[in-house]
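Text of the file entry_25.txt, holding compact mmCIF, N, CA and C atoms:
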# COMPACT_ATOMS: atom_id res chain seq x y z
N MET A 1 0.82 -1.18 0.00
CA MET A 1 0.00 0.00 0.00
C MET A 1 0.88 1.26 0.00
N TYR A 2 1.89 1.24 0.81
CA TYR A 2 2.75 2.40 0.93
C TYR A 2 3.48 2.67 -0.39
N LEU A 3 3.93 1.62 -1.04
CA LEU A 3 4.68 1.79 -2.28
C LEU A 3 3.80 2.25 -3.43
N THR A 4 2.49 2.07 -3.33
CA THR A 4 1.58 2.52 -4.37
C THR A 4 0.94 3.86 -4.01
N ASN A 5 1.50 4.56 -3.05
CA ASN A 5 1.04 5.88 -2.61
C ASN A 5 -0.39 5.86 -2.08
N ASN A 6 -0.77 4.75 -1.47
CA ASN A 6 -2.05 4.65 -0.78
C ASN A 6 -1.81 4.74 0.72
N ASN A 7 -2.86 5.03 1.46
CA ASN A 7 -2.77 5.10 2.91
C ASN A 7 -2.56 3.67 3.45
N PRO A 8 -1.38 3.37 4.00
CA PRO A 8 -1.12 2.00 4.48
C PRO A 8 -1.93 1.64 5.71
N TYR A 9 -2.56 2.61 6.36
CA TYR A 9 -3.37 2.34 7.55
C TYR A 9 -4.86 2.48 7.27
N GLY A 10 -5.21 2.78 6.03
CA GLY A 10 -6.60 3.10 5.69
C GLY A 10 -7.48 1.89 5.46
N LEU A 11 -8.61 2.17 4.82
CA LEU A 11 -9.62 1.15 4.61
C LEU A 11 -9.16 0.03 3.69
N LYS A 12 -8.28 0.32 2.74
CA LYS A 12 -7.82 -0.73 1.83
C LYS A 12 -7.04 -1.81 2.58
N ARG A 13 -6.49 -1.46 3.73
CA ARG A 13 -5.76 -2.43 4.55
C ARG A 13 -6.69 -3.54 5.03
N THR A 14 -7.95 -3.22 5.21
CA THR A 14 -8.89 -4.22 5.71
C THR A 14 -9.17 -5.31 4.68
N LEU A 15 -8.80 -5.09 3.44
CA LEU A 15 -8.98 -6.13 2.43
C LEU A 15 -8.12 -7.36 2.75
N SER A 16 -7.06 -7.15 3.50
CA SER A 16 -6.18 -8.27 3.85
C SER A 16 -6.69 -9.06 5.05
N ASP A 17 -7.82 -8.67 5.62
CA ASP A 17 -8.35 -9.38 6.79
C ASP A 17 -8.77 -10.80 6.47
N PHE A 18 -9.00 -11.11 5.21
CA PHE A 18 -9.46 -12.44 4.85
C PHE A 18 -8.34 -13.43 4.54
N PHE A 19 -7.10 -12.98 4.51
CA PHE A 19 -6.01 -13.90 4.21
C PHE A 19 -5.81 -14.98 5.28
N PRO A 20 -5.75 -14.66 6.58
CA PRO A 20 -5.61 -15.73 7.58
C PRO A 20 -6.77 -16.74 7.57
N PRO A 21 -8.04 -16.31 7.43
CA PRO A 21 -9.10 -17.32 7.36
C PRO A 21 -9.00 -18.21 6.12
N ILE A 22 -8.59 -17.62 5.01
CA ILE A 22 -8.40 -18.43 3.80
C ILE A 22 -7.27 -19.42 4.02
N ALA A 23 -6.19 -18.98 4.64
CA ALA A 23 -5.08 -19.88 4.94
C ALA A 23 -5.52 -20.98 5.90
N ALA A 24 -6.40 -20.64 6.85
CA ALA A 24 -6.90 -21.64 7.80
C ALA A 24 -7.71 -22.71 7.07
N ILE A 25 -8.57 -22.30 6.17
CA ILE A 25 -9.39 -23.26 5.41
C ILE A 25 -8.49 -24.13 4.53
N VAL A 26 -7.50 -23.52 3.89
CA VAL A 26 -6.57 -24.30 3.05
C VAL A 26 -5.80 -25.30 3.90
N SER A 27 -5.37 -24.88 5.10
CA SER A 27 -4.65 -25.82 5.96
C SER A 27 -5.56 -26.96 6.41
N GLN A 28 -6.83 -26.67 6.64
CA GLN A 28 -7.77 -27.73 7.02
C GLN A 28 -8.01 -28.68 5.86
N ILE A 29 -8.05 -28.16 4.64
CA ILE A 29 -8.20 -29.03 3.46
C ILE A 29 -6.98 -29.92 3.32
N LEU A 30 -5.79 -29.36 3.49
CA LEU A 30 -4.56 -30.16 3.40
C LEU A 30 -4.50 -31.20 4.50
N LEU A 31 -4.95 -30.85 5.69
CA LEU A 31 -4.99 -31.81 6.79
C LEU A 31 -5.94 -32.95 6.47
N ARG A 32 -7.06 -32.63 5.88
CA ARG A 32 -8.04 -33.66 5.51
C ARG A 32 -7.46 -34.62 4.48
N ARG A 33 -6.68 -34.09 3.55
CA ARG A 33 -6.04 -34.95 2.55
C ARG A 33 -4.98 -35.85 3.18
N TYR A 34 -4.33 -35.38 4.24
CA TYR A 34 -3.27 -36.13 4.88
C TYR A 34 -3.82 -37.36 5.60
N TYR A 35 -4.96 -37.22 6.26
CA TYR A 35 -5.56 -38.33 6.99
C TYR A 35 -6.61 -39.02 6.11
N ALA A 36 -6.44 -40.32 5.93
CA ALA A 36 -7.34 -41.08 5.05
C ALA A 36 -8.76 -41.13 5.61
N ASN A 37 -8.93 -41.32 6.91
CA ASN A 37 -10.25 -41.42 7.52
C ASN A 37 -10.77 -40.08 8.04
N GLY A 38 -10.10 -39.02 7.73
CA GLY A 38 -10.49 -37.70 8.23
C GLY A 38 -9.72 -37.39 9.50
N PRO A 39 -9.40 -36.13 9.73
CA PRO A 39 -8.58 -35.76 10.88
C PRO A 39 -9.34 -35.72 12.19
N GLY A 40 -10.63 -35.65 12.15
CA GLY A 40 -11.41 -35.50 13.37
C GLY A 40 -11.67 -34.03 13.67
N LEU A 41 -12.63 -33.81 14.51
CA LEU A 41 -13.07 -32.44 14.79
C LEU A 41 -12.00 -31.62 15.51
N GLY A 42 -11.38 -32.20 16.52
CA GLY A 42 -10.37 -31.47 17.29
C GLY A 42 -9.18 -31.05 16.47
N ARG A 43 -8.63 -31.97 15.69
CA ARG A 43 -7.47 -31.64 14.86
C ARG A 43 -7.84 -30.60 13.81
N SER A 44 -8.98 -30.79 13.19
CA SER A 44 -9.38 -29.89 12.12
C SER A 44 -9.57 -28.46 12.63
N ILE A 45 -10.28 -28.30 13.72
CA ILE A 45 -10.47 -26.95 14.28
C ILE A 45 -9.15 -26.43 14.84
N GLY A 46 -8.37 -27.29 15.46
CA GLY A 46 -7.08 -26.87 16.01
C GLY A 46 -6.13 -26.35 14.96
N VAL A 47 -6.08 -27.04 13.83
CA VAL A 47 -5.21 -26.58 12.74
C VAL A 47 -5.70 -25.24 12.20
N GLY A 48 -7.01 -25.09 12.06
CA GLY A 48 -7.55 -23.82 11.58
C GLY A 48 -7.25 -22.67 12.53
N LEU A 49 -7.45 -22.90 13.82
CA LEU A 49 -7.19 -21.85 14.79
C LEU A 49 -5.70 -21.53 14.91
N THR A 50 -4.86 -22.56 14.83
CA THR A 50 -3.41 -22.33 14.89
C THR A 50 -2.94 -21.54 13.68
N THR A 51 -3.44 -21.89 12.51
CA THR A 51 -3.08 -21.15 11.30
C THR A 51 -3.54 -19.71 11.40
N THR A 52 -4.73 -19.50 11.91
CA THR A 52 -5.24 -18.14 12.09
C THR A 52 -4.38 -17.36 13.07
N LEU A 53 -4.00 -17.99 14.18
CA LEU A 53 -3.16 -17.33 15.18
C LEU A 53 -1.82 -16.92 14.59
N ILE A 54 -1.21 -17.82 13.83
CA ILE A 54 0.08 -17.51 13.22
C ILE A 54 -0.06 -16.39 12.20
N GLY A 55 -1.08 -16.46 11.35
CA GLY A 55 -1.29 -15.42 10.34
C GLY A 55 -1.59 -14.06 10.95
N ALA A 56 -2.43 -14.05 11.97
CA ALA A 56 -2.77 -12.78 12.63
C ALA A 56 -1.55 -12.20 13.35
N SER A 57 -0.77 -13.07 13.96
CA SER A 57 0.45 -12.61 14.65
C SER A 57 1.45 -12.02 13.68
N LEU A 58 1.65 -12.69 12.56
CA LEU A 58 2.58 -12.16 11.55
C LEU A 58 2.11 -10.82 11.00
N ALA A 59 0.81 -10.70 10.76
CA ALA A 59 0.28 -9.44 10.25
C ALA A 59 0.45 -8.33 11.27
N ALA A 60 0.18 -8.62 12.55
CA ALA A 60 0.32 -7.60 13.60
C ALA A 60 1.78 -7.18 13.76
N VAL A 61 2.68 -8.13 13.74
CA VAL A 61 4.10 -7.80 13.85
C VAL A 61 4.54 -6.98 12.63
N GLY A 62 4.05 -7.35 11.47
CA GLY A 62 4.41 -6.63 10.25
C GLY A 62 3.96 -5.18 10.29
N ILE A 63 2.72 -4.94 10.69
CA ILE A 63 2.25 -3.55 10.72
C ILE A 63 2.91 -2.77 11.85
N TYR A 64 3.22 -3.44 12.95
CA TYR A 64 3.93 -2.77 14.04
C TYR A 64 5.31 -2.32 13.58
N ILE A 65 6.04 -3.22 12.94
CA ILE A 65 7.38 -2.87 12.46
C ILE A 65 7.29 -1.76 11.42
N PHE A 66 6.32 -1.85 10.51
CA PHE A 66 6.17 -0.80 9.50
C PHE A 66 5.87 0.54 10.15
N ALA A 67 4.97 0.54 11.12
CA ALA A 67 4.60 1.79 11.78
C ALA A 67 5.77 2.39 12.56
N ARG A 68 6.62 1.54 13.12
CA ARG A 68 7.79 2.04 13.86
C ARG A 68 8.86 2.57 12.91
N VAL A 69 9.02 1.93 11.76
CA VAL A 69 10.09 2.29 10.84
C VAL A 69 9.67 3.44 9.92
N ALA A 70 8.42 3.46 9.51
CA ALA A 70 7.95 4.45 8.54
C ALA A 70 7.85 5.83 9.17
N ASP A 71 7.62 6.79 8.33
CA ASP A 71 7.51 8.18 8.75
C ASP A 71 6.28 8.38 9.65
N PRO A 72 6.45 9.01 10.81
CA PRO A 72 5.30 9.25 11.70
C PRO A 72 4.23 10.14 11.07
N ASP A 73 4.60 10.88 10.04
CA ASP A 73 3.61 11.72 9.36
C ASP A 73 2.53 10.88 8.69
N LEU A 74 2.84 9.62 8.36
CA LEU A 74 1.83 8.74 7.77
C LEU A 74 0.68 8.49 8.74
N ILE A 75 1.00 8.33 10.01
CA ILE A 75 -0.04 8.11 11.02
C ILE A 75 -0.87 9.38 11.18
N ARG A 76 -0.20 10.52 11.21
CA ARG A 76 -0.94 11.78 11.32
C ARG A 76 -1.84 12.00 10.10
N GLN A 77 -1.33 11.67 8.92
CA GLN A 77 -2.12 11.80 7.69
C GLN A 77 -3.33 10.85 7.75
N HIS A 78 -3.12 9.64 8.23
CA HIS A 78 -4.22 8.68 8.36
C HIS A 78 -5.27 9.19 9.33
N LEU A 79 -4.84 9.73 10.46
CA LEU A 79 -5.79 10.26 11.44
C LEU A 79 -6.60 11.41 10.87
N THR A 80 -5.96 12.26 10.08
CA THR A 80 -6.67 13.36 9.44
C THR A 80 -7.73 12.83 8.48
N GLU A 81 -7.36 11.85 7.66
CA GLU A 81 -8.31 11.25 6.72
C GLU A 81 -9.45 10.56 7.46
N ALA A 82 -9.13 9.83 8.51
CA ALA A 82 -10.17 9.11 9.26
C ALA A 82 -11.13 10.09 9.92
N LYS A 83 -10.61 11.18 10.46
CA LYS A 83 -11.48 12.18 11.08
C LYS A 83 -12.37 12.86 10.05
N GLN A 84 -11.84 13.06 8.84
CA GLN A 84 -12.66 13.65 7.77
C GLN A 84 -13.79 12.70 7.37
N MET A 85 -13.48 11.41 7.29
CA MET A 85 -14.51 10.43 6.94
C MET A 85 -15.56 10.35 8.04
N LEU A 86 -15.13 10.39 9.29
CA LEU A 86 -16.09 10.38 10.39
C LEU A 86 -16.95 11.63 10.40
N ALA A 87 -16.35 12.77 10.10
CA ALA A 87 -17.12 14.02 10.06
C ALA A 87 -18.16 13.96 8.94
N ALA A 88 -17.81 13.33 7.82
CA ALA A 88 -18.76 13.19 6.71
C ALA A 88 -19.91 12.27 7.10
N ALA A 89 -19.68 11.31 7.96
CA ALA A 89 -20.71 10.35 8.37
C ALA A 89 -21.38 10.75 9.68
N LYS A 90 -21.07 11.92 10.19
CA LYS A 90 -21.60 12.33 11.49
C LYS A 90 -23.13 12.40 11.48
N ASP A 91 -23.71 12.87 10.40
CA ASP A 91 -25.18 12.95 10.32
C ASP A 91 -25.81 11.57 10.45
N MET A 92 -25.17 10.58 9.84
CA MET A 92 -25.69 9.21 9.92
C MET A 92 -25.62 8.71 11.37
N TYR A 93 -24.55 9.03 12.06
CA TYR A 93 -24.43 8.64 13.47
C TYR A 93 -25.52 9.30 14.31
N LEU A 94 -25.72 10.58 14.08
CA LEU A 94 -26.64 11.34 14.93
C LEU A 94 -28.10 10.92 14.73
N LYS A 95 -28.42 10.29 13.64
CA LYS A 95 -29.78 9.81 13.40
C LYS A 95 -30.10 8.58 14.24
N GLN A 96 -29.09 7.87 14.68
CA GLN A 96 -29.28 6.65 15.46
C GLN A 96 -29.45 7.00 16.94
N THR A 97 -30.07 6.06 17.66
CA THR A 97 -30.14 6.27 19.10
C THR A 97 -28.73 6.10 19.67
N ASN A 98 -28.37 6.95 20.61
CA ASN A 98 -27.01 7.00 21.18
C ASN A 98 -25.95 7.25 20.12
N GLY A 99 -26.35 7.91 19.05
CA GLY A 99 -25.43 8.17 17.94
C GLY A 99 -24.28 9.06 18.31
N ARG A 100 -24.55 10.07 19.13
CA ARG A 100 -23.47 10.98 19.53
C ARG A 100 -22.41 10.23 20.33
N GLN A 101 -22.83 9.34 21.23
CA GLN A 101 -21.88 8.57 22.02
C GLN A 101 -21.09 7.61 21.13
N GLN A 102 -21.76 7.01 20.15
CA GLN A 102 -21.06 6.11 19.22
C GLN A 102 -20.04 6.88 18.39
N TYR A 103 -20.43 8.05 17.93
CA TYR A 103 -19.53 8.88 17.13
C TYR A 103 -18.30 9.27 17.94
N GLU A 104 -18.53 9.73 19.18
CA GLU A 104 -17.41 10.15 20.02
C GLU A 104 -16.53 8.97 20.40
N ALA A 105 -17.12 7.81 20.63
CA ALA A 105 -16.34 6.61 20.96
C ALA A 105 -15.49 6.19 19.76
N THR A 106 -16.07 6.24 18.57
CA THR A 106 -15.32 5.89 17.37
C THR A 106 -14.16 6.85 17.17
N LEU A 107 -14.42 8.12 17.39
CA LEU A 107 -13.37 9.13 17.25
C LEU A 107 -12.25 8.92 18.28
N ARG A 108 -12.62 8.59 19.52
CA ARG A 108 -11.62 8.34 20.57
C ARG A 108 -10.81 7.07 20.31
N ASN A 109 -11.45 6.06 19.71
CA ASN A 109 -10.81 4.76 19.56
C ASN A 109 -10.00 4.61 18.28
N LEU A 110 -9.79 5.68 17.56
CA LEU A 110 -8.94 5.59 16.37
C LEU A 110 -7.51 5.24 16.81
N ALA A 111 -6.92 4.28 16.12
CA ALA A 111 -5.55 3.87 16.45
C ALA A 111 -4.60 5.03 16.16
N GLN A 112 -3.75 5.33 17.13
CA GLN A 112 -2.83 6.46 16.99
C GLN A 112 -1.38 6.09 17.20
N THR A 113 -1.12 4.86 17.64
CA THR A 113 0.25 4.42 17.91
C THR A 113 0.52 3.11 17.16
N PRO A 114 1.77 2.77 16.96
CA PRO A 114 2.07 1.49 16.33
C PRO A 114 1.47 0.30 17.09
N GLN A 115 1.47 0.37 18.41
CA GLN A 115 0.90 -0.70 19.22
C GLN A 115 -0.60 -0.83 18.96
N ALA A 116 -1.29 0.30 18.84
CA ALA A 116 -2.73 0.27 18.59
C ALA A 116 -3.04 -0.29 17.21
N PHE A 117 -2.22 0.06 16.22
CA PHE A 117 -2.43 -0.50 14.88
C PHE A 117 -2.21 -2.01 14.87
N ALA A 118 -1.17 -2.46 15.58
CA ALA A 118 -0.89 -3.89 15.64
C ALA A 118 -2.00 -4.64 16.37
N GLN A 119 -2.48 -4.07 17.46
CA GLN A 119 -3.57 -4.71 18.20
C GLN A 119 -4.83 -4.78 17.36
N ASP A 120 -5.15 -3.71 16.66
CA ASP A 120 -6.33 -3.69 15.79
C ASP A 120 -6.20 -4.75 14.69
N GLU A 121 -5.04 -4.83 14.10
CA GLU A 121 -4.80 -5.81 13.03
C GLU A 121 -4.96 -7.23 13.56
N PHE A 122 -4.37 -7.51 14.72
CA PHE A 122 -4.44 -8.84 15.30
C PHE A 122 -5.88 -9.23 15.64
N VAL A 123 -6.60 -8.32 16.27
CA VAL A 123 -7.97 -8.62 16.69
C VAL A 123 -8.88 -8.88 15.49
N LYS A 124 -8.77 -8.04 14.47
CA LYS A 124 -9.63 -8.22 13.29
C LYS A 124 -9.34 -9.53 12.58
N LYS A 125 -8.08 -9.84 12.41
CA LYS A 125 -7.73 -11.08 11.71
C LYS A 125 -8.11 -12.31 12.54
N MET A 126 -7.93 -12.24 13.85
CA MET A 126 -8.33 -13.36 14.70
C MET A 126 -9.84 -13.54 14.69
N LEU A 127 -10.57 -12.45 14.71
CA LEU A 127 -12.03 -12.54 14.70
C LEU A 127 -12.52 -13.24 13.44
N TRP A 128 -12.06 -12.77 12.29
CA TRP A 128 -12.47 -13.41 11.04
C TRP A 128 -11.97 -14.85 10.96
N GLY A 129 -10.77 -15.08 11.44
CA GLY A 129 -10.22 -16.44 11.40
C GLY A 129 -11.01 -17.41 12.24
N VAL A 130 -11.38 -17.01 13.45
CA VAL A 130 -12.16 -17.89 14.32
C VAL A 130 -13.55 -18.12 13.75
N VAL A 131 -14.15 -17.04 13.24
CA VAL A 131 -15.50 -17.15 12.69
C VAL A 131 -15.54 -18.10 11.49
N LEU A 132 -14.50 -18.11 10.69
CA LEU A 132 -14.51 -18.97 9.50
C LEU A 132 -13.82 -20.31 9.68
N SER A 133 -12.85 -20.42 10.59
CA SER A 133 -12.15 -21.69 10.72
C SER A 133 -12.92 -22.72 11.54
N ILE A 134 -13.75 -22.28 12.46
CA ILE A 134 -14.54 -23.25 13.23
C ILE A 134 -15.56 -23.96 12.34
N PRO A 135 -16.38 -23.24 11.57
CA PRO A 135 -17.27 -23.96 10.65
C PRO A 135 -16.51 -24.76 9.60
N GLY A 136 -15.37 -24.22 9.16
CA GLY A 136 -14.55 -24.96 8.20
C GLY A 136 -14.05 -26.26 8.80
N GLY A 137 -13.64 -26.23 10.06
CA GLY A 137 -13.17 -27.43 10.74
C GLY A 137 -14.28 -28.45 10.92
N VAL A 138 -15.50 -27.96 11.22
CA VAL A 138 -16.64 -28.88 11.37
C VAL A 138 -16.95 -29.51 10.04
N PHE A 139 -16.94 -28.74 8.99
CA PHE A 139 -17.27 -29.26 7.66
C PHE A 139 -16.19 -30.20 7.14
N LEU A 140 -14.92 -29.92 7.42
CA LEU A 140 -13.82 -30.70 6.87
C LEU A 140 -13.29 -31.77 7.82
N ARG A 141 -14.02 -32.12 8.86
CA ARG A 141 -13.51 -33.09 9.84
C ARG A 141 -13.45 -34.51 9.30
N LYS A 142 -14.33 -34.88 8.38
CA LYS A 142 -14.35 -36.23 7.82
C LYS A 142 -14.47 -36.19 6.33

Please go through the file and, once you have read it, give me the structure as structure tokens.
Amino acid sequence: MYLTNNNPYGLKRTLSDFFPPIAAIVSQILLRRYYANGPGLGRSIGVGLTTTLIGASLAAVGIYIFARVADPDLIRQHLTEAKQMLAAAKDMYLKQTNGRQQYEATLRNLAQTPQAFAQDEFVKKMLWGVVLSIPGGVFLRK
């Protein structure tokens, strides 16, 4: 993203959230091929969750290292863009019940440090990985 002059912390980054779950499903398929009678439920879900954990950890470490090494102005630029997008959507927030509190919470919870970006990356990838690898493990157990 950075090399293509896009915001490396922006919305396009979320497109990579599906890579660990896809890797988890692929690992479960490979595990199923390895065992002739099927790997069983525990192994299948375990392999999916382990693959998700490894993928999410690598992604979090990668964005943490990038944020530490890259120019701090990139984070400030991202925060400016994110605040502009939130300001554009403020009317939508205010139409909802407790919209002002949601808007202010979203504004407060914007990642501002390398640690916050890494934590956000890890949590999102783990969430998608768990949500998709558990059903994948159930389906691919036998």

| task | Identify which of the residues A:Gln102, A:Ser44, A:Thr97, A:Gln115 lies closest to Ile63 of chain A, counting all atoms listed in the file when measuring atom-to-atom distances. | result |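 Checking each candidate against Ile63 of chain A, we get A:Gln115 as the closest.
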
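Our summary of the geometry notes that atom C of Asp120 of chain A is positioned 15.1 Å from atom N of Leu79 of chain A.
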
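Coordinates place atom CA of Tyr9 of chain A at a distance of 10.9 Å from atom C of Gly62 of chain A.
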
| query | Restricting the calculation to all atoms listed in the file, which member of A:Gln77, A:Thr4, A:Asn37, A:Ser16 is positioned closest to Arg141 of chain A? | reply | A:Asn37

| Given the choices A:Leu127, A:Gln28, A:Ala23, A:Glu104, which gets closest to Ile45 of chain A if the distance is worked out from all atoms listed in the file? |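 Nearest candidate to Ile45 of chain A out of A:Leu127, A:Gln28, A:Ala23, A:Glu104: A:Gln28.
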
| query | Per DSSP on the backbone, what are the alpha helix (DSSP H) residues of chain A, as an MDAnalysis selection string? | reply | chainID A and resid 19:34 41:69 72:88 90:95 99:108 114:139

| query | Which one is closest to Pro8 of chain A: A:Pro20, A:Tyr93, A:His78, A:Ala88? Count only N, CA and C atoms. | reply |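 Of A:Pro20, A:Tyr93, A:His78, A:Ala88, the one nearest Pro8 of chain A is A:His78, counting only N, CA and C atoms.
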
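Atom CA of Gln119 of chain A sits 21.4 Å away from atom C of Ser133 of chain A.
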
| request: For Leu31 of chain A, list every protein, DNA or RNA residue within 8 Å, evaluated using all atoms listed in the file, and leave out those in the same chain fewer than 6 positions away; present the list as a list in words. | output: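 Surrounding residues, per the criterion: Ile25, Gly38, Pro39, Gly40, Arg43, Ser44, Val47 and Leu140 of chain A.
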
For Leu107 of chain A: contacts at 9 Å, only C-alpha atoms, fewer than 2 positions along chain excluded, given as a PDB file with N, CA and C atoms, keeping the file's coordinate frame:
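File produced: part-v5.pdb:
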ATOM      1  N   ALA A  82      -9.130   9.830   8.510  1.00  0.00           N
ATOM      2  CA  ALA A  82     -10.170   9.110   9.260  1.00  0.00           C
ATOM      3  C   ALA A  82     -11.130  10.090   9.920  1.00  0.00           C
ATOM      4  N   LYS A  83     -10.610  11.180  10.460  1.00  0.00           N
ATOM      5  CA  LYS A  83     -11.480  12.180  11.080  1.00  0.00           C
ATOM      6  C   LYS A  83     -12.370  12.860  10.050  1.00  0.00           C
ATOM      7  N   LEU A  86     -15.130  10.390   9.290  1.00  0.00           N
ATOM      8  CA  LEU A  86     -16.090  10.380  10.390  1.00  0.00           C
ATOM      9  C   LEU A  86     -16.950  11.630  10.400  1.00  0.00           C
ATOM     10  N   GLN A 102     -21.760   7.010  20.150  1.00  0.00           N
ATOM     11  CA  GLN A 102     -21.060   6.110  19.220  1.00  0.00           C
ATOM     12  C   GLN A 102     -20.040   6.880  18.390  1.00  0.00           C
ATOM     13  N   TYR A 103     -20.430   8.050  17.930  1.00  0.00           N
ATOM     14  CA  TYR A 103     -19.530   8.880  17.130  1.00  0.00           C
ATOM     15  C   TYR A 103     -18.300   9.270  17.940  1.00  0.00           C
ATOM     16  N   GLU A 104     -18.530   9.730  19.180  1.00  0.00           N
ATOM     17  CA  GLU A 104     -17.410  10.150  20.020  1.00  0.00           C
ATOM     18  C   GLU A 104     -16.530   8.970  20.400  1.00  0.00           C
ATOM     19  N   ALA A 105     -17.120   7.810  20.630  1.00  0.00           N
ATOM     20  CA  ALA A 105     -16.340   6.610  20.960  1.00  0.00           C
ATOM     21  C   ALA A 105     -15.490   6.190  19.760  1.00  0.00           C
ATOM     22  N   ASN A 109     -11.450   6.060  19.710  1.00  0.00           N
ATOM     23  CA  ASN A 109     -10.810   4.760  19.560  1.00  0.00           C
ATOM     24  C   ASN A 109     -10.000   4.610  18.280  1.00  0.00           C
ATOM     25  N   LEU A 110      -9.790   5.680  17.560  1.00  0.00           N
ATOM     26  CA  LEU A 110      -8.940   5.590  16.370  1.00  0.00           C
ATOM     27  C   LEU A 110      -7.510   5.240  16.810  1.00  0.00           C
TER      28      LEU A 110
END

| said: Taking 4 positions as the minimum chain separation for residues in the same chain, which residues sit within 5 Å of Ala56 of chain A when counting only N, CA and C atoms? Answer as number ranges by chain. | reply: A: 52, 60, 122
